[in-house]
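**Student:** Mind having a look at this structure? Questions to follow.
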Amino acid sequence: MSNENTISRRGLFMKLGILFNGLVATALAVPILRFLLSSVSRGRASAYLSWVPLGHVSEFPEGETRLASFRNPYVTPTDGKTADTACWVRRVEGDQFQVFAVNCAHLGCPVRWFPQSGLFMCPCHGGAYYRDGSRASGPPERGLFEYPYKVQDGLVTIQAGELPTPGSPTASLFGKKPPCAG
Amino acid sequence: MRRLITEVGEWFDRRLQLAAPIREAAEHPVPRSTASWFYVFGSAALTVFLLQLVTGILLALIYVPSASEAWSSLQALNHDVTLGWFIRAMHGWGSNFMVAIVLIHMVQVFLFGAYKFPRELTWIVGVFLLLMTLGMAFTGQVLRFDQDAYWGLGIGASIASRVPIAGPMIVKLMLGGPTIAGATLSRFFALHVFVIPGMLIGFVCLHLLMVLKLGINEWPMPGRLVKKTTYVTEYHELTKRNGAPFVPYAVWKDLFFAAFILLAIAACAVYFGPFGPTGRPDPTIIQTVPKPDYFFLWLYALLSLLPPSMETPALLIGPVVVIIGLLLLPFLSGEGEKSWRRRPIAVLTVLLIAITLGTFTHLAGFTPWSPHMNAWSGDPVPEQFLHGSTAIERQGALVFQVKQCRNCHSLGESGGQRGPALDTVAVRLTQDQLIRQVIQGGGNMPAYGKNLSPAETTALVAFLETLHPRGQAPARDAARDIALSEDKDQRHGAPR
């Protein structure tokens, strides 16, 4: 028993017991981690993004910028009003649109459109953008986030579903550089 | 009766066997110098923590952690449930007091050198307790699911998204989905009610255990240096020679201060009432000016004032540096002088941090960097600027208001403060410079060239040129005067 090279029956069982628990813990960790990370794994490959309608083209007068809202493509039963998202729709002319996220490209506060001065202004840290979404002044390092859009059967449809943030791939995928509106 | 109580007590203690260790802990000798009003903040923080546990459980009886119901359940607490407003106010004010007391406790511990050997781990656990307290304050603000909470989460997500590579994943993990919605509130509820409080309870127990085992820090005397080899024996000698049992010698001050703090929280709760909730968390209502709670206002100010290029590094590296600095502190100066009287750099550091945070918090109170969204339609043009003005100048004043210049520029001390006040702008800029500034912008001002017709620009500049003190001439370009007069002379064919 006291020999260092031998192992006692009880000692062996204790070690086996620890090993057994370790195996069970590892096995359980897999579903727990997959559950915890589900919101991340599901979001890969832009699975959250879909095309959502904003309204008929005629609702957006040419040369004007209007606030529109849409229901998020991915919703849960307890979302309440947070299932909706607002966006700024600028109809340049004809079927040519620009759809901006309301979230400031600095830290995400809701920007407001001032048609008189042709500026979007942010109430939080003072970011300002021109009517084409490009940066005018303040802390933002880029222009407003733009949703990809298409006009189908007279409906303005945008690809949305994720909160646009400065670091998100959606932010760099579309609307990295708002087209110059002359 | 008395005998019965004793017998019941003995019955329990024979089974629990807790009386002896409790008595030992209560009566352990502490240096007489520590029975001071400076030593009450730790126990006060514990008291407020217990208050938060109790009021938090009471709120959970009514509150519904669902994005569709949370706001209405808070309204019910405020208006329908008997004294619901009071419990909410106690919990809200308790949170503010908690952060304040924890910070004061930390400053006191730092200035009294209590983090030095052998209490390094007590300090480190304390740093984690501070972080958890701030975590509770932020998650608690989210549970007050109103417009501020909704857009505050957006700000949190925007900051998190700036982490290189992992940013977008962190955002989805934080929000529990692609947007701020039901899952977001549920996970912040779990954090605020289970995860962080559970860790807090564990860490508070560790913190207290170490205070008991290592003894409370003695009052620092200038010149009495901490040495790892001799400190423990010196401390035991001190408590033996000049010690007194913690109960009742020192505890009465803790008791008085604890009761005073509870009373102060209740007084604030009754007088000021509960915090919010502000507007309904409806993302389609964008007429909102989100602002964080008091203890994060300094951060709000910092994010406006940092140069854009420095923002992301400051946001991502700054906190890491600060936390590592706090954790390393007891190892960098674990020995030596404890008294603040001989640690001028320590005192100056505390003062510098306090003044910096205080200034930022003060600035965030009136946000000079934000445009005043309603100034253009709400603030009148002061009379003195229109007195005796011509038609074109008045037209210019109208352009000034209608084009929202007022949102960023003040006249007569009303209007935005984002840009300079324009009361005397004509003294600073000539006519040409005014036109250039309006049309091209620059210096953090948008260019208005595309949004002003030539007639509007002319009128606006005519108005701006009148903005100079009486008796002080507006700025003018002398060279231009000469050029124009030469031009005139030539046209009239006058000899040179």
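Ordering of the structure tokens sets the chain letters (A, B, ...); residue numbers start at 1 within each chain; ligands are numbered from 1 in the order shown.
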Would you kindly report the residues of chain A within 7 Å of chain B, using only C-alpha atoms, as number ranges by chain?
**Tutor:** A: 37, 39-40, 48, 69, 76, 78-86, 107-110, 116-118, 123-126, 136-141, 161-163, 165-168
**Student:** Please produce a file of the residues just selected, as a compact mmCIF listing (two decimals), in the first residue's frame, where the atoms kept are N, CA, C and O atoms.
**Tutor:**
# COMPACT_ATOMS: atom_id res chain seq x y z
N LEU A 37 -24.12 29.75 -27.86
CA LEU A 37 -23.60 30.45 -29.04
C LEU A 37 -24.57 30.40 -30.21
O LEU A 37 -24.22 30.77 -31.33
N SER A 39 -27.04 32.17 -31.13
CA SER A 39 -27.32 33.42 -31.83
C SER A 39 -26.17 33.80 -32.75
O SER A 39 -26.37 34.49 -33.74
N VAL A 40 -24.95 33.33 -32.43
CA VAL A 40 -23.80 33.62 -33.29
C VAL A 40 -23.77 32.66 -34.47
O VAL A 40 -23.66 33.08 -35.62
N TYR A 48 -29.54 35.75 -41.12
CA TYR A 48 -30.56 36.64 -40.56
C TYR A 48 -31.11 37.61 -41.61
O TYR A 48 -32.13 38.23 -41.39
N SER A 69 -40.72 52.20 -41.97
CA SER A 69 -40.35 51.17 -41.00
C SER A 69 -40.73 49.81 -41.55
O SER A 69 -41.58 49.70 -42.44
N THR A 76 -38.95 37.05 -32.49
CA THR A 76 -39.34 36.07 -31.47
C THR A 76 -40.65 36.56 -30.85
O THR A 76 -40.99 37.75 -30.96
N THR A 78 -41.62 37.42 -28.01
CA THR A 78 -41.64 38.44 -26.97
C THR A 78 -41.06 39.77 -27.44
O THR A 78 -40.79 40.64 -26.62
N ASP A 79 -40.86 39.94 -28.74
CA ASP A 79 -40.20 41.16 -29.21
C ASP A 79 -41.02 42.43 -29.00
O ASP A 79 -40.46 43.50 -28.79
N GLY A 80 -42.35 42.31 -29.06
CA GLY A 80 -43.18 43.51 -28.93
C GLY A 80 -42.84 44.50 -30.02
O GLY A 80 -42.60 44.14 -31.18
N LYS A 81 -42.80 45.79 -29.64
CA LYS A 81 -42.52 46.83 -30.62
C LYS A 81 -41.10 46.75 -31.16
O LYS A 81 -40.79 47.31 -32.21
N THR A 82 -40.20 46.10 -30.43
CA THR A 82 -38.81 46.06 -30.89
C THR A 82 -38.64 45.19 -32.14
O THR A 82 -37.56 45.11 -32.69
N ALA A 83 -39.73 44.55 -32.57
CA ALA A 83 -39.65 43.77 -33.81
C ALA A 83 -39.61 44.68 -35.03
O ALA A 83 -39.34 44.24 -36.13
N ASP A 84 -39.92 45.97 -34.82
CA ASP A 84 -39.91 46.92 -35.93
C ASP A 84 -38.59 47.67 -35.99
O ASP A 84 -37.92 47.85 -34.97
N THR A 85 -38.26 48.12 -37.17
CA THR A 85 -37.05 48.93 -37.35
C THR A 85 -37.39 50.07 -38.29
O THR A 85 -38.17 49.90 -39.22
N ALA A 86 -36.82 51.24 -38.01
CA ALA A 86 -37.06 52.40 -38.86
C ALA A 86 -35.89 52.57 -39.83
O ALA A 86 -34.79 52.09 -39.56
N LEU A 107 -22.11 55.70 -33.10
CA LEU A 107 -22.44 54.75 -32.03
C LEU A 107 -23.90 54.32 -32.07
O LEU A 107 -24.42 53.81 -31.08
N GLY A 108 -24.57 54.53 -33.18
CA GLY A 108 -25.87 53.90 -33.34
C GLY A 108 -27.09 54.67 -32.88
O GLY A 108 -28.20 54.14 -32.90
N CYS A 109 -26.94 55.92 -32.43
CA CYS A 109 -28.12 56.70 -32.05
C CYS A 109 -28.97 56.99 -33.29
O CYS A 109 -28.46 56.97 -34.41
N PRO A 110 -30.27 57.29 -33.11
CA PRO A 110 -31.12 57.52 -34.29
C PRO A 110 -30.90 58.91 -34.88
O PRO A 110 -31.08 59.91 -34.19
N GLN A 116 -34.82 71.00 -44.69
CA GLN A 116 -34.50 72.40 -45.01
C GLN A 116 -33.02 72.59 -45.26
O GLN A 116 -32.61 73.28 -46.18
N SER A 117 -32.19 71.96 -44.40
CA SER A 117 -30.75 72.12 -44.59
C SER A 117 -30.15 70.92 -45.31
O SER A 117 -28.95 70.90 -45.57
N GLY A 118 -30.99 69.93 -45.60
CA GLY A 118 -30.49 68.76 -46.32
C GLY A 118 -29.47 67.97 -45.53
O GLY A 118 -28.51 67.45 -46.09
N PRO A 123 -28.46 63.22 -32.47
CA PRO A 123 -28.61 63.96 -31.22
C PRO A 123 -27.57 63.59 -30.16
O PRO A 123 -27.43 64.29 -29.17
N CYS A 124 -26.85 62.47 -30.35
CA CYS A 124 -25.99 62.00 -29.26
C CYS A 124 -24.66 62.74 -29.21
O CYS A 124 -24.35 63.43 -28.26
N HIS A 125 -23.85 62.55 -30.25
CA HIS A 125 -22.51 63.12 -30.21
C HIS A 125 -22.28 64.10 -31.34
O HIS A 125 -21.15 64.47 -31.64
N GLY A 126 -23.37 64.49 -32.03
CA GLY A 126 -23.26 65.57 -33.00
C GLY A 126 -22.77 65.18 -34.38
O GLY A 126 -22.26 66.03 -35.10
N ALA A 136 -20.80 64.48 -43.16
CA ALA A 136 -20.63 65.92 -43.28
C ALA A 136 -19.71 66.45 -42.18
O ALA A 136 -18.80 67.20 -42.45
N SER A 137 -19.97 66.04 -40.94
CA SER A 137 -19.10 66.50 -39.85
C SER A 137 -19.36 65.66 -38.61
O SER A 137 -20.29 64.85 -38.58
N GLY A 138 -18.52 65.86 -37.60
CA GLY A 138 -18.71 65.17 -36.33
C GLY A 138 -17.90 63.91 -36.22
O GLY A 138 -17.07 63.60 -37.09
N PRO A 139 -18.13 63.14 -35.14
CA PRO A 139 -17.28 61.98 -34.87
C PRO A 139 -17.42 60.78 -35.82
O PRO A 139 -16.50 59.96 -35.83
N PRO A 140 -18.49 60.60 -36.62
CA PRO A 140 -18.53 59.39 -37.45
C PRO A 140 -17.35 59.33 -38.41
O PRO A 140 -16.93 60.37 -38.93
N GLU A 141 -16.85 58.13 -38.62
CA GLU A 141 -15.70 57.98 -39.52
C GLU A 141 -16.14 57.65 -40.93
O GLU A 141 -15.30 57.50 -41.81
N GLY A 161 -32.16 42.99 -41.59
CA GLY A 161 -32.34 41.95 -40.59
C GLY A 161 -31.31 42.00 -39.48
O GLY A 161 -31.50 41.38 -38.44
N GLU A 162 -30.22 42.73 -39.69
CA GLU A 162 -29.22 42.83 -38.63
C GLU A 162 -29.06 44.28 -38.22
O GLU A 162 -29.17 45.18 -39.04
N LEU A 163 -28.80 44.49 -36.93
CA LEU A 163 -28.52 45.83 -36.45
C LEU A 163 -27.22 46.31 -37.11
O LEU A 163 -26.19 45.66 -36.97
N THR A 165 -23.90 47.99 -37.36
CA THR A 165 -22.93 48.56 -36.43
C THR A 165 -21.63 48.81 -37.19
O THR A 165 -21.41 48.19 -38.24
N PRO A 166 -20.78 49.70 -36.66
CA PRO A 166 -19.57 50.05 -37.42
C PRO A 166 -18.72 48.84 -37.79
O PRO A 166 -18.05 48.85 -38.81
N GLY A 167 -18.76 47.78 -36.97
CA GLY A 167 -17.87 46.66 -37.25
C GLY A 167 -18.52 45.51 -37.97
O GLY A 167 -17.87 44.53 -38.31
N SER A 168 -19.85 45.58 -38.19
CA SER A 168 -20.53 44.40 -38.73
C SER A 168 -20.21 44.21 -40.20
O SER A 168 -20.00 45.17 -40.93
**Student:** Find the spatial neighbours of Cys205 of chain B, counting only C-alpha atoms, within a cut-off of 12 Å - ignore same-chain residues fewer than 4 positions away - and output them as a list of chain:residue names.
**Tutor:**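 Here the qualifying residues turn out to be B:Leu46, B:Thr122, B:Val125, B:Gly126, B:Leu129, B:Gly198, B:Met199, B:Leu200, B:Ile201, B:Leu209, B:Met210, B:Val211, B:Leu212.
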**Student:** Output the selection as a compact mmCIF listing (two decimals), in the first residue's frame - all heavy atoms for each residue.
**Tutor:**
# COMPACT_ATOMS: atom_id res chain seq x y z
N LEU B 46 -21.70 46.93 1.75
CA LEU B 46 -22.38 45.65 2.00
C LEU B 46 -23.85 45.89 2.34
O LEU B 46 -24.75 45.18 1.85
CB LEU B 46 -21.68 44.91 3.15
CG LEU B 46 -22.27 43.57 3.53
CD1 LEU B 46 -22.16 42.58 2.38
CD2 LEU B 46 -21.59 43.01 4.78
N THR B 122 -7.17 40.77 -1.39
CA THR B 122 -8.39 41.47 -0.99
C THR B 122 -8.67 42.60 -1.98
O THR B 122 -9.80 42.83 -2.39
CB THR B 122 -8.23 42.05 0.42
OG1 THR B 122 -7.48 41.14 1.21
CG2 THR B 122 -9.57 42.32 1.07
N VAL B 125 -9.78 41.10 -5.44
CA VAL B 125 -11.19 40.72 -5.37
C VAL B 125 -12.06 41.97 -5.38
O VAL B 125 -13.12 42.03 -6.00
CB VAL B 125 -11.45 39.85 -4.12
CG1 VAL B 125 -12.94 39.64 -3.90
CG2 VAL B 125 -10.76 38.50 -4.26
N GLY B 126 -11.57 43.02 -4.69
CA GLY B 126 -12.30 44.29 -4.67
C GLY B 126 -12.43 44.89 -6.06
O GLY B 126 -13.48 45.44 -6.40
N LEU B 129 -15.11 43.20 -7.68
CA LEU B 129 -16.40 43.65 -7.11
C LEU B 129 -16.81 44.99 -7.74
O LEU B 129 -17.99 45.21 -8.01
CB LEU B 129 -16.29 43.79 -5.59
CG LEU B 129 -16.29 42.47 -4.82
CD1 LEU B 129 -16.00 42.69 -3.35
CD2 LEU B 129 -17.64 41.77 -4.96
N GLY B 198 -24.95 36.37 -8.39
CA GLY B 198 -24.35 35.14 -7.86
C GLY B 198 -22.85 35.31 -7.66
O GLY B 198 -22.31 34.98 -6.60
N MET B 199 -22.19 35.86 -8.67
CA MET B 199 -20.75 36.08 -8.56
C MET B 199 -20.45 37.11 -7.46
O MET B 199 -19.50 36.96 -6.70
CB MET B 199 -20.19 36.57 -9.89
CG MET B 199 -20.28 35.54 -11.00
SD MET B 199 -19.19 35.90 -12.39
CE MET B 199 -19.76 37.47 -12.93
N LEU B 200 -21.30 38.14 -7.40
CA LEU B 200 -21.10 39.18 -6.38
C LEU B 200 -21.14 38.58 -4.99
O LEU B 200 -20.27 38.86 -4.15
CB LEU B 200 -22.20 40.24 -6.50
CG LEU B 200 -21.86 41.55 -7.21
CD1 LEU B 200 -23.10 42.41 -7.34
CD2 LEU B 200 -20.79 42.32 -6.46
N ILE B 201 -22.14 37.72 -4.72
CA ILE B 201 -22.27 37.13 -3.39
C ILE B 201 -21.01 36.33 -3.07
O ILE B 201 -20.42 36.46 -1.99
CB ILE B 201 -23.53 36.26 -3.31
CG1 ILE B 201 -24.78 37.14 -3.39
CG2 ILE B 201 -23.55 35.45 -2.01
CD1 ILE B 201 -26.09 36.39 -3.50
N LEU B 209 -14.07 37.40 4.11
CA LEU B 209 -13.27 36.37 4.76
C LEU B 209 -11.83 36.84 4.90
O LEU B 209 -11.21 36.70 5.96
CB LEU B 209 -13.33 35.08 3.92
CG LEU B 209 -12.62 33.88 4.53
CD1 LEU B 209 -13.46 33.31 5.66
CD2 LEU B 209 -12.36 32.81 3.48
N MET B 210 -11.32 37.45 3.85
CA MET B 210 -9.93 37.91 3.89
C MET B 210 -9.76 39.07 4.86
O MET B 210 -8.73 39.17 5.54
CB MET B 210 -9.46 38.29 2.49
CG MET B 210 -9.04 37.07 1.68
SD MET B 210 -8.30 37.51 0.14
CE MET B 210 -9.72 37.92 -0.82
N VAL B 211 -10.77 39.94 4.95
CA VAL B 211 -10.68 41.04 5.93
C VAL B 211 -10.60 40.46 7.34
O VAL B 211 -9.82 40.92 8.18
CB VAL B 211 -11.89 41.99 5.79
CG1 VAL B 211 -11.89 43.02 6.91
CG2 VAL B 211 -11.86 42.69 4.43
N LEU B 212 -11.39 39.39 7.59
CA LEU B 212 -11.38 38.77 8.91
C LEU B 212 -10.05 38.06 9.17
O LEU B 212 -9.46 38.20 10.24
CB LEU B 212 -12.51 37.76 9.03
CG LEU B 212 -13.88 38.33 9.38
CD1 LEU B 212 -14.92 37.22 9.36
CD2 LEU B 212 -13.85 38.99 10.75
**Student:** Could you check how far atom CA of Glu335 of chain B sits from atom CA of Trp219 of chain B, in Å to one decimal?
**Tutor:** 15.5 Å
**Student:** Find the spatial neighbours of segment 454-466 of chain B, counting only C-alpha atoms, within a cut-off of 10 Å - ignore same-chain residues fewer than 2 positions away - and output them as an MDAnalysis selection string.
**Tutor:** chainID B and resid 385:386 389:401 403 422:427 429:435 438:439 448:452 468:470 473:475
**Student:** Might you pull out every residue within 6 Å of segment 100-104 of chain B, with only C-alpha atoms counted and same-chain residues fewer than 3 positions away left off, and present them as a list in words?
**Tutor:**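 The neighbour list is Ala45, Phe97 and Val107 of chain B.
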**Student:** Name the residues of segment 14-133 of chain A that fall into helix (DSSP H, G or I) according to DSSP on the backbone, using the chain letters and numbers of this document, as a ChimeraX atom specification.
**Tutor:** /A:14-36,38-46,57-59,80-83
**Student:** Those residues you just picked out, can you put them in a file as a CSV table (one decimal), in the first residue's frame with N, CA and C atoms?
**Tutor:**
chain,number,residue,atom,x,y,z
A,14,MET,N,-11.1,6.3,-7.4
A,14,MET,CA,-11.3,7.8,-7.3
A,14,MET,C,-10.8,8.4,-8.6
A,15,LYS,N,-9.7,8.0,-9.1
A,15,LYS,CA,-9.2,8.6,-10.3
A,15,LYS,C,-10.1,8.3,-11.5
A,16,LEU,N,-10.6,7.0,-11.5
A,16,LEU,CA,-11.6,6.7,-12.6
A,16,LEU,C,-12.9,7.5,-12.5
A,17,GLY,N,-13.3,7.7,-11.2
A,17,GLY,CA,-14.5,8.6,-10.9
A,17,GLY,C,-14.3,10.0,-11.5
A,18,ILE,N,-13.1,10.5,-11.2
A,18,ILE,CA,-12.8,11.9,-11.7
A,18,ILE,C,-12.8,11.9,-13.2
A,19,LEU,N,-12.2,10.9,-13.8
A,19,LEU,CA,-12.1,10.8,-15.3
A,19,LEU,C,-13.5,10.7,-15.9
A,20,PHE,N,-14.4,9.9,-15.2
A,20,PHE,CA,-15.7,9.7,-15.7
A,20,PHE,C,-16.5,11.0,-15.7
A,21,ASN,N,-16.3,11.7,-14.5
A,21,ASN,CA,-17.0,13.0,-14.4
A,21,ASN,C,-16.5,14.0,-15.5
A,22,GLY,N,-15.2,13.9,-15.7
A,22,GLY,CA,-14.6,14.8,-16.8
A,22,GLY,C,-15.2,14.5,-18.1
A,23,LEU,N,-15.4,13.2,-18.4
A,23,LEU,CA,-16.0,12.8,-19.7
A,23,LEU,C,-17.4,13.3,-19.8
A,24,VAL,N,-18.2,13.1,-18.8
A,24,VAL,CA,-19.6,13.6,-18.8
A,24,VAL,C,-19.6,15.1,-18.9
A,25,ALA,N,-18.8,15.8,-18.2
A,25,ALA,CA,-18.8,17.2,-18.3
A,25,ALA,C,-18.5,17.7,-19.7
A,26,THR,N,-17.5,17.1,-20.3
A,26,THR,CA,-17.1,17.5,-21.7
A,26,THR,C,-18.3,17.2,-22.6
A,27,ALA,N,-18.9,16.0,-22.4
A,27,ALA,CA,-20.1,15.7,-23.3
A,27,ALA,C,-21.2,16.7,-23.1
A,28,LEU,N,-21.4,17.1,-21.8
A,28,LEU,CA,-22.5,18.1,-21.6
A,28,LEU,C,-22.1,19.5,-22.1
A,29,ALA,N,-20.8,19.8,-22.1
A,29,ALA,CA,-20.4,21.1,-22.5
A,29,ALA,C,-20.8,21.4,-23.9
A,30,VAL,N,-20.8,20.4,-24.7
A,30,VAL,CA,-21.0,20.6,-26.2
A,30,VAL,C,-22.4,21.2,-26.4
A,31,PRO,N,-23.5,20.5,-25.9
A,31,PRO,CA,-24.8,21.1,-26.1
A,31,PRO,C,-25.0,22.5,-25.4
A,32,ILE,N,-24.3,22.6,-24.2
A,32,ILE,CA,-24.5,23.9,-23.5
A,32,ILE,C,-23.8,25.0,-24.3
A,33,LEU,N,-22.6,24.8,-24.8
A,33,LEU,CA,-22.0,25.8,-25.6
A,33,LEU,C,-22.7,26.1,-26.9
A,34,ARG,N,-23.2,25.0,-27.5
A,34,ARG,CA,-24.0,25.3,-28.8
A,34,ARG,C,-25.2,26.1,-28.5
A,35,PHE,N,-25.9,25.8,-27.4
A,35,PHE,CA,-27.1,26.6,-27.0
A,35,PHE,C,-26.7,28.1,-26.8
A,36,LEU,N,-25.6,28.3,-26.0
A,36,LEU,CA,-25.1,29.6,-25.7
A,36,LEU,C,-24.8,30.4,-26.9
A,38,SER,N,-25.8,29.9,-30.0
A,38,SER,CA,-26.7,29.7,-31.1
A,38,SER,C,-27.0,31.0,-31.8
A,39,SER,N,-27.0,32.2,-31.1
A,39,SER,CA,-27.3,33.4,-31.8
A,39,SER,C,-26.2,33.8,-32.8
A,40,VAL,N,-24.9,33.3,-32.4
A,40,VAL,CA,-23.8,33.6,-33.3
A,40,VAL,C,-23.8,32.7,-34.5
A,41,SER,N,-23.9,31.3,-34.2
A,41,SER,CA,-23.8,30.4,-35.3
A,41,SER,C,-24.9,30.5,-36.3
A,42,ARG,N,-26.1,30.9,-35.8
A,42,ARG,CA,-27.2,31.1,-36.7
A,42,ARG,C,-27.0,32.3,-37.7
A,43,GLY,N,-26.3,33.3,-37.1
A,43,GLY,CA,-26.0,34.5,-37.9
A,43,GLY,C,-25.0,34.4,-39.0
A,44,ARG,N,-24.2,33.2,-39.0
A,44,ARG,CA,-23.2,33.1,-40.0
A,44,ARG,C,-23.8,33.0,-41.4
A,45,ALA,N,-23.1,33.3,-42.4
A,45,ALA,CA,-23.5,33.2,-43.7
A,45,ALA,C,-24.8,34.1,-43.9
A,46,SER,N,-24.9,35.2,-43.2
A,46,SER,CA,-26.0,36.1,-43.3
A,46,SER,C,-27.4,35.5,-43.3
A,57,VAL,N,-43.6,52.3,-54.4
A,57,VAL,CA,-42.8,53.4,-54.9
A,57,VAL,C,-43.5,54.8,-54.8
A,58,SER,N,-44.8,54.8,-55.0
A,58,SER,CA,-45.5,56.0,-55.0
A,58,SER,C,-45.6,56.7,-53.6
A,59,GLU,N,-45.3,55.9,-52.6
A,59,GLU,CA,-45.3,56.5,-51.2
A,59,GLU,C,-44.1,57.4,-51.0
A,80,GLY,N,-42.3,42.3,-29.1
A,80,GLY,CA,-43.2,43.5,-28.9
A,80,GLY,C,-42.8,44.5,-30.0
A,81,LYS,N,-42.8,45.8,-29.6
A,81,LYS,CA,-42.5,46.8,-30.6
A,81,LYS,C,-41.1,46.8,-31.2
A,82,THR,N,-40.2,46.1,-30.4
A,82,THR,CA,-38.8,46.1,-30.9
A,82,THR,C,-38.6,45.2,-32.1
A,83,ALA,N,-39.7,44.5,-32.6
A,83,ALA,CA,-39.6,43.8,-33.8
A,83,ALA,C,-39.6,44.7,-35.0
**Student:** Please, what distance in Å, to one decimal, runs between atom CA of Phe272 of chain B and atom CA of Leu77 of chain B?
**Tutor:** 16.0 Å
**Student:** Taking 3 positions as the minimum chain separation for residues in the same chain, which residues sit within 12 Å of Val251 of chain B when counting only C-alpha atoms? Answer as a list in words.
**Tutor:**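 Selected residues are Ala26, Glu27, His28, Pro29, Val30, Arg32, Thr34, Ala35, Ser36, Trp37, Tyr39, Val40, Gly42, Ser43, Ala44, Ala244, Pro245, Phe246, Val247, Pro248, Asp254, Leu255, Phe256, Phe257 and Ala258 of chain B.
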**Student:** Just to be explicit: take each residue in the selection above, keep N, CA and C atoms, and write the result as a short mmCIF file (atom, residue, chain, number, x, y, z; two decimals), in the first residue's frame.
**Tutor:**
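Output saved as selection.cif:
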data_model
loop_
_atom_site.label_atom_id
_atom_site.label_comp_id
_atom_site.auth_asym_id
_atom_site.auth_seq_id
_atom_site.Cartn_x
_atom_site.Cartn_y
_atom_site.Cartn_z
N ALA B 26 -16.63 38.08 15.67
CA ALA B 26 -17.14 39.36 16.14
C ALA B 26 -16.17 40.03 17.11
N GLU B 27 -15.54 39.20 17.94
CA GLU B 27 -14.71 39.79 19.00
C GLU B 27 -13.23 39.82 18.64
N HIS B 28 -12.89 39.51 17.38
CA HIS B 28 -11.47 39.51 17.04
C HIS B 28 -10.92 40.93 17.24
N PRO B 29 -9.69 40.99 17.78
CA PRO B 29 -9.17 42.32 18.11
C PRO B 29 -8.78 43.09 16.85
N VAL B 30 -9.14 44.36 16.84
CA VAL B 30 -8.72 45.23 15.73
C VAL B 30 -7.92 46.38 16.33
N ARG B 32 -7.01 49.85 17.63
CA ARG B 32 -7.96 50.87 18.08
C ARG B 32 -8.11 51.99 17.06
N THR B 34 -8.48 51.88 14.05
CA THR B 34 -9.38 51.63 12.92
C THR B 34 -10.84 51.87 13.26
N ALA B 35 -11.12 52.14 14.53
CA ALA B 35 -12.50 52.48 14.89
C ALA B 35 -12.72 53.93 14.49
N SER B 36 -12.72 54.15 13.16
CA SER B 36 -12.74 55.52 12.65
C SER B 36 -13.88 55.65 11.65
N TRP B 37 -14.36 56.88 11.46
CA TRP B 37 -15.41 57.11 10.47
C TRP B 37 -14.89 56.89 9.05
N TYR B 39 -13.46 54.25 8.15
CA TYR B 39 -13.48 52.81 7.91
C TYR B 39 -14.89 52.24 7.75
N VAL B 40 -15.86 53.12 7.49
CA VAL B 40 -17.25 52.63 7.47
C VAL B 40 -17.75 52.33 6.05
N GLY B 42 -16.78 50.23 3.62
CA GLY B 42 -16.90 48.83 3.22
C GLY B 42 -18.21 48.24 3.72
N SER B 43 -18.48 48.45 5.01
CA SER B 43 -19.71 47.88 5.56
C SER B 43 -20.93 48.57 4.97
N ALA B 44 -20.78 49.87 4.62
CA ALA B 44 -21.90 50.58 3.99
C ALA B 44 -22.21 49.98 2.63
N ALA B 244 -8.64 46.23 20.30
CA ALA B 244 -9.92 46.16 21.01
C ALA B 244 -10.82 45.25 20.21
N PRO B 245 -11.78 44.57 20.87
CA PRO B 245 -12.67 43.69 20.11
C PRO B 245 -13.50 44.50 19.11
N PHE B 246 -13.62 43.96 17.87
CA PHE B 246 -14.37 44.66 16.81
C PHE B 246 -15.78 44.98 17.29
N VAL B 247 -16.44 43.96 17.91
CA VAL B 247 -17.75 44.21 18.52
C VAL B 247 -17.52 44.35 20.01
N PRO B 248 -17.89 45.38 20.65
CA PRO B 248 -18.62 46.53 20.12
C PRO B 248 -17.73 47.75 19.84
N ASP B 254 -19.97 51.64 12.21
CA ASP B 254 -20.51 50.99 11.01
C ASP B 254 -22.03 50.96 11.05
N LEU B 255 -22.57 50.61 12.23
CA LEU B 255 -24.02 50.51 12.36
C LEU B 255 -24.68 51.86 12.12
N PHE B 256 -24.13 52.90 12.74
CA PHE B 256 -24.71 54.23 12.57
C PHE B 256 -24.67 54.66 11.11
N PHE B 257 -23.52 54.45 10.47
CA PHE B 257 -23.38 54.91 9.09
C PHE B 257 -24.30 54.12 8.16
N ALA B 258 -24.41 52.79 8.40
CA ALA B 258 -25.29 51.96 7.58
C ALA B 258 -26.72 52.49 7.65
#
**Student:** Determine, counting only C-alpha atoms, which protein, DNA and RNA residues have an atom within 8 Å of an atom of Gln98 of chain A; residues of the same chain fewer than 3 positions away are not included. Present the result as a VMD selection string.
**Tutor:** chain A and resid 89 to 92 132 146 to 147 149
**Student:** Residues of segment 61-173 of chain A classed as strand (DSSP E or B) by DSSP on the backbone are to be reported as a VMD selection string.
**Tutor:** chain A and resid 65 to 71 84 to 93 96 to 101 103 110 112 to 114 119 to 121 128 to 130 135 to 137 146 to 147 149 to 152 155 to 160
**Student:** Have a look at atom CA of Val381 of chain B and atom CA of Glu413 of chain B and let me know their distance in Å, one decimal.
**Tutor:**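 Interatomic distance, atom CA of Val381 of chain B to atom CA of Glu413 of chain B: 10.5 Å.
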